[in-house]
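Notes follow the structure.
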Amino acid sequence: MPAPRPGRVLVGERALRSRIAELGAEIVRRYAGEPPVVVGVLQGAFLFMADLVRAMPIDLATDFVRLESYGSGTTSTGQVRLTHDLATSIEGRDVLVVEDVVDTGLTLAALRRTLEARQPRSLRVCALCDKTGRRQVDVRVDWVGFTLPNVFVVGYGLDYGGLYRNLPHVVVLERI
Ligand code: PRP
């Protein structure tokens, strides 16, 4: 069987650009006068975060966490480890978590618990992609860029075996 490779484009560059502009404008309206600390989840969110914050012309702060789920393969195990923590205190702050994709929801649920324990004033989430059909735990996502079908996607930050994050669009991984 051939190795999986990036195939058909699911979300192209133009669609990404215009949806991210919309998201940025909506988010800025929500935080009127009180810019949030924007927390990117490494590695997947790095490109989306870079474009989203540039669509948010307010005095926001940025920080990053890195999470790893135990186990291998293409699905989460639910056991999530924080391998890089925030540099800033979020107590009493408005926090916007930026994710590339919410799949089972296990990673985001664990991250929410960790961050909520630090007593931010608010905690909201913006995810570029949401695979609602794969959800195992109910987790709140405040803004979603694109709801995707249950297909494995790479590009625009998303990887397969560490590759393809640098593709400028979201594509389906296919055996072609
Ligand atoms: C991906 C993605 C989310 C998580 C979503 O991260 O960035 O954090 O999986 O999956 P879930 O909803 O099933 O928990 P991954 O662990 O692949 O790490 P990466 O961001 O470094 O690619």
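Each chain of the structure tokens is named A, B, ... in the order shown, its residues numbered from 1; ligands are numbered from 1 in display order.
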Do a neighbour search on Val172 in chain A at 12 Å with only C-alpha atoms, toss out local chain neighbours closer than 5 positions, and write the hits as a short mmCIF file (atom, residue, chain, number, x, y, z; two decimals) with N, CA and C atoms, in the first residue's frame.
```
data_model
loop_
_atom_site.label_atom_id
_atom_site.label_comp_id
_atom_site.auth_asym_id
_atom_site.auth_seq_id
_atom_site.Cartn_x
_atom_site.Cartn_y
_atom_site.Cartn_z
N PRO A 4 0.85 7.35 2.85
CA PRO A 4 -0.08 8.48 2.74
C PRO A 4 0.64 9.78 2.39
N ARG A 5 -0.01 10.56 1.54
CA ARG A 5 0.58 11.83 1.11
C ARG A 5 -0.51 12.90 1.06
N PRO A 6 -0.11 14.17 1.10
CA PRO A 6 -1.11 15.23 0.98
C PRO A 6 -1.83 15.12 -0.36
N GLY A 7 -3.15 15.15 -0.32
CA GLY A 7 -3.94 15.02 -1.54
C GLY A 7 -4.79 16.25 -1.79
N ARG A 8 -6.09 16.03 -1.84
CA ARG A 8 -7.03 17.09 -2.24
C ARG A 8 -7.07 18.23 -1.20
N VAL A 9 -7.17 19.45 -1.72
CA VAL A 9 -7.26 20.63 -0.84
C VAL A 9 -8.67 20.72 -0.27
N LEU A 10 -8.74 20.77 1.06
CA LEU A 10 -10.05 20.87 1.71
C LEU A 10 -10.38 22.33 2.03
N VAL A 11 -9.40 23.05 2.53
CA VAL A 11 -9.58 24.49 2.79
C VAL A 11 -8.40 25.22 2.16
N GLY A 12 -8.68 25.98 1.13
CA GLY A 12 -7.63 26.67 0.38
C GLY A 12 -7.19 27.96 1.04
N LEU A 148 -15.08 20.25 9.92
CA LEU A 148 -14.56 19.31 8.93
C LEU A 148 -15.20 17.94 9.09
N PRO A 149 -15.26 17.20 7.99
CA PRO A 149 -15.71 15.80 8.08
C PRO A 149 -14.61 14.96 8.73
N ASN A 150 -14.91 13.70 8.96
CA ASN A 150 -13.96 12.82 9.62
C ASN A 150 -12.91 12.30 8.63
N VAL A 151 -12.02 13.19 8.25
CA VAL A 151 -10.90 12.80 7.39
C VAL A 151 -9.62 13.32 8.03
N PHE A 152 -8.51 12.65 7.77
CA PHE A 152 -7.24 13.10 8.35
C PHE A 152 -6.68 14.22 7.49
N VAL A 153 -6.46 15.36 8.11
CA VAL A 153 -5.98 16.51 7.34
C VAL A 153 -4.60 16.94 7.82
N VAL A 154 -3.86 17.51 6.88
CA VAL A 154 -2.54 18.06 7.18
C VAL A 154 -2.42 19.43 6.53
N GLY A 155 -1.36 20.14 6.91
CA GLY A 155 -1.12 21.45 6.31
C GLY A 155 -1.56 22.57 7.21
N TYR A 156 -1.04 23.75 6.93
CA TYR A 156 -1.36 24.95 7.71
C TYR A 156 -1.22 24.67 9.22
N LEU A 158 -0.94 21.61 10.66
CA LEU A 158 -1.25 20.22 11.03
C LEU A 158 -0.28 19.25 10.37
N ASP A 159 0.12 18.25 11.13
CA ASP A 159 1.17 17.35 10.63
C ASP A 159 0.73 15.91 10.51
N TYR A 160 1.56 15.15 9.79
CA TYR A 160 1.51 13.69 9.84
C TYR A 160 2.95 13.26 10.01
N TYR A 164 4.52 18.23 6.80
CA TYR A 164 3.42 18.91 6.07
C TYR A 164 2.84 20.12 6.81
N LEU A 167 2.55 23.41 4.62
CA LEU A 167 1.67 23.60 3.46
C LEU A 167 0.77 24.81 3.72
#
```
Give me the residues within 9 Å of Ala25 in chain A as a list of chain:residue names, counting only C-alpha atoms and dropping any in the same chain fewer than 5 places off.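 Residues meeting the cut-off are A:Ile20, A:Arg30, A:Ala55, A:Met56, A:Pro57.
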Store the residues picked out above, limited to N, CA, C and O atoms, as a PDB file, in the first residue's frame.
```pdb
ATOM      1  N   ILE A  20     -10.372  33.785   8.502  1.00  0.00           N
ATOM      2  CA  ILE A  20      -9.573  34.282   9.628  1.00  0.00           C
ATOM      3  C   ILE A  20      -9.816  35.782   9.826  1.00  0.00           C
ATOM      4  O   ILE A  20      -9.882  36.257  10.963  1.00  0.00           O
ATOM      5  N   ARG A  30     -15.862  41.005  20.690  1.00  0.00           N
ATOM      6  CA  ARG A  30     -16.179  40.381  21.978  1.00  0.00           C
ATOM      7  C   ARG A  30     -15.315  40.937  23.112  1.00  0.00           C
ATOM      8  O   ARG A  30     -15.751  41.064  24.250  1.00  0.00           O
ATOM      9  N   ALA A  55      -5.044  39.576  12.467  1.00  0.00           N
ATOM     10  CA  ALA A  55      -6.405  40.025  12.133  1.00  0.00           C
ATOM     11  C   ALA A  55      -7.091  40.630  13.356  1.00  0.00           C
ATOM     12  O   ALA A  55      -8.294  40.886  13.331  1.00  0.00           O
ATOM     13  N   MET A  56      -6.336  40.828  14.437  1.00  0.00           N
ATOM     14  CA  MET A  56      -6.885  41.393  15.676  1.00  0.00           C
ATOM     15  C   MET A  56      -6.078  42.639  16.064  1.00  0.00           C
ATOM     16  O   MET A  56      -5.137  42.551  16.844  1.00  0.00           O
ATOM     17  N   PRO A  57      -6.432  43.790  15.497  1.00  0.00           N
ATOM     18  CA  PRO A  57      -5.625  44.993  15.723  1.00  0.00           C
ATOM     19  C   PRO A  57      -5.912  45.646  17.081  1.00  0.00           C
ATOM     20  O   PRO A  57      -6.385  46.785  17.174  1.00  0.00           O
TER      21      PRO A  57
END
```
Let me see if you get this right: every residue at most 9 Å from ligand 1, counting only C-alpha atoms and all ligand atoms, written as an MDAnalysis selection string. chainID A and resid 41:46 66:70 74:78 80 99:110 130:131 134:137 157:162 165
So the first atom is CA of Cys126 in chain A and the second is CA of Asp142 in chain A; what is the distance between them in Å, to one decimal place?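 Taking CA of Cys126 in chain A as the start and CA of Asp142 in chain A as the end point, the length is 5.9 Å.
Residues in contact with range 114-122 of chain A at up to 8 Å, not including ones fewer than 4 positions away on its chain and judged by only C-alpha atoms, are Ile90, Glu91, Gly92, Arg93, Asp94, Val95 and Ala110 of chain A.
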How would the residues just picked look written out with all heavy atoms as a PDB file, in the first residue's frame?
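Everything below was put into out35.pdb:
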```
ATOM      1  N   ILE A  90      -1.996  34.093  34.296  1.00  0.00           N
ATOM      2  CA  ILE A  90      -3.291  34.420  33.675  1.00  0.00           C
ATOM      3  C   ILE A  90      -4.367  34.689  34.724  1.00  0.00           C
ATOM      4  O   ILE A  90      -5.524  34.905  34.370  1.00  0.00           O
ATOM      5  CB  ILE A  90      -3.761  33.297  32.716  1.00  0.00           C
ATOM      6  CG1 ILE A  90      -3.840  31.946  33.433  1.00  0.00           C
ATOM      7  CG2 ILE A  90      -2.878  33.241  31.479  1.00  0.00           C
ATOM      8  CD1 ILE A  90      -4.591  30.881  32.645  1.00  0.00           C
ATOM      9  N   GLU A  91      -3.984  34.710  35.979  1.00  0.00           N
ATOM     10  CA  GLU A  91      -4.974  34.965  37.032  1.00  0.00           C
ATOM     11  C   GLU A  91      -5.643  36.326  36.801  1.00  0.00           C
ATOM     12  O   GLU A  91      -4.954  37.336  36.640  1.00  0.00           O
ATOM     13  CB  GLU A  91      -4.294  34.945  38.405  1.00  0.00           C
ATOM     14  CG  GLU A  91      -5.309  35.020  39.535  1.00  0.00           C
ATOM     15  CD  GLU A  91      -4.658  34.951  40.908  1.00  0.00           C
ATOM     16  OE1 GLU A  91      -3.461  34.583  40.987  1.00  0.00           O
ATOM     17  OE2 GLU A  91      -5.342  35.275  41.878  1.00  0.00           O
ATOM     18  N   GLY A  92      -6.962  36.322  36.746  1.00  0.00           N
ATOM     19  CA  GLY A  92      -7.715  37.552  36.554  1.00  0.00           C
ATOM     20  C   GLY A  92      -7.684  38.101  35.134  1.00  0.00           C
ATOM     21  O   GLY A  92      -8.230  39.172  34.873  1.00  0.00           O
ATOM     22  N   ARG A  93      -7.039  37.397  34.209  1.00  0.00           N
ATOM     23  CA  ARG A  93      -6.930  37.885  32.831  1.00  0.00           C
ATOM     24  C   ARG A  93      -7.970  37.207  31.935  1.00  0.00           C
ATOM     25  O   ARG A  93      -8.475  36.131  32.244  1.00  0.00           O
ATOM     26  CB  ARG A  93      -5.543  37.563  32.246  1.00  0.00           C
ATOM     27  CG  ARG A  93      -4.364  37.970  33.097  1.00  0.00           C
ATOM     28  CD  ARG A  93      -4.017  39.433  32.972  1.00  0.00           C
ATOM     29  NE  ARG A  93      -3.730  39.890  31.610  1.00  0.00           N
ATOM     30  CZ  ARG A  93      -2.525  39.879  31.054  1.00  0.00           C
ATOM     31  NH1 ARG A  93      -1.490  39.374  31.709  1.00  0.00           N
ATOM     32  NH2 ARG A  93      -2.334  40.382  29.835  1.00  0.00           N
ATOM     33  N   ASP A  94      -8.266  37.846  30.818  1.00  0.00           N
ATOM     34  CA  ASP A  94      -9.094  37.211  29.788  1.00  0.00           C
ATOM     35  C   ASP A  94      -8.168  36.412  28.882  1.00  0.00           C
ATOM     36  O   ASP A  94      -7.206  36.961  28.344  1.00  0.00           O
ATOM     37  CB  ASP A  94      -9.839  38.273  28.982  1.00  0.00           C
ATOM     38  CG  ASP A  94     -10.861  38.998  29.835  1.00  0.00           C
ATOM     39  OD1 ASP A  94     -11.743  38.328  30.398  1.00  0.00           O
ATOM     40  OD2 ASP A  94     -10.756  40.237  29.968  1.00  0.00           O
ATOM     41  N   VAL A  95      -8.482  35.136  28.724  1.00  0.00           N
ATOM     42  CA  VAL A  95      -7.595  34.236  27.970  1.00  0.00           C
ATOM     43  C   VAL A  95      -8.333  33.687  26.749  1.00  0.00           C
ATOM     44  O   VAL A  95      -9.477  33.235  26.840  1.00  0.00           O
ATOM     45  CB  VAL A  95      -7.133  33.061  28.867  1.00  0.00           C
ATOM     46  CG1 VAL A  95      -6.335  32.043  28.057  1.00  0.00           C
ATOM     47  CG2 VAL A  95      -6.305  33.585  30.039  1.00  0.00           C
ATOM     48  N   ALA A 110      -8.524  18.792  28.748  1.00  0.00           N
ATOM     49  CA  ALA A 110      -7.442  18.775  29.741  1.00  0.00           C
ATOM     50  C   ALA A 110      -6.819  20.161  29.887  1.00  0.00           C
ATOM     51  O   ALA A 110      -6.541  20.616  30.993  1.00  0.00           O
ATOM     52  CB  ALA A 110      -6.382  17.749  29.327  1.00  0.00           C
TER      53      ALA A 110
END
```
As a ChimeraX atom specification, please: every residue in range 115-172 of chain A that a backbone DSSP assignment puts in strand (DSSP E or B). /A:122-130,143-147,153-155,158,160,163,170-172
List every residue of range 6-176 of chain A that DSSP, applied to the backbone of this structure, assigns to alpha helix (DSSP H), and report them as a ChimeraX atom specification. /A:13-30,46-54,106-116
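Of the listed residues (A:Val171, A:Ile58, A:Leu163, A:Val53), A:Val53 comes nearest to Leu23 in chain A; the distances count only C-alpha atoms.
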Residues near Met1 in chain A, anyone? I mean within 12 Å using only C-alpha atoms, not counting same-chain ones fewer than 4 positions away, as a VMD selection string. chain A and resid 5 174 to 176
Atom-to-atom span, CA of Arg17 in chain A and CA of Asp51 in chain A, Å: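 Distance between the two atoms: 8.2 Å.
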Taking only C-alpha atoms into account, name the residue in A:Ser18, A:Thr132, A:Thr83, A:Ser89 that is nearest to Val65 in chain A.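 Using only C-alpha atoms, the shortest distance to Val65 in chain A belongs to A:Thr83.
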Find the residues near Thr88 in chain A: any atom within 10 Å, counting only C-alpha atoms, skip ones fewer than 2 places away on the same chain, and give them as a list of chain:residue names. A:Val37, A:Ala61, A:Thr62, A:Asp63, A:Phe64, A:Asp85, A:Leu86, A:Ile90, A:Glu91
Next, write the just-selected residues to a file, as a short mmCIF file (atom, residue, chain, number, x, y, z; two decimals), in the first residue's frame, keeping C-alpha atoms as the atom set.
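Output file result.cif follows:
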```
data_model
loop_
_atom_site.label_atom_id
_atom_site.label_comp_id
_atom_site.auth_asym_id
_atom_site.auth_seq_id
_atom_site.Cartn_x
_atom_site.Cartn_y
_atom_site.Cartn_z
CA VAL A 37 -3.84 36.98 26.45
CA ALA A 61 -0.50 39.69 24.59
CA THR A 62 0.65 36.31 23.33
CA ASP A 63 1.97 33.18 24.99
CA PHE A 64 2.20 29.48 24.18
CA ASP A 85 4.00 26.09 30.19
CA LEU A 86 2.95 29.73 29.94
CA ILE A 90 -3.29 34.42 33.67
CA GLU A 91 -4.97 34.96 37.03
#
```
How many Å separate CA of Val125 in chain A from CA of Gly40 in chain A? 10.1 Å
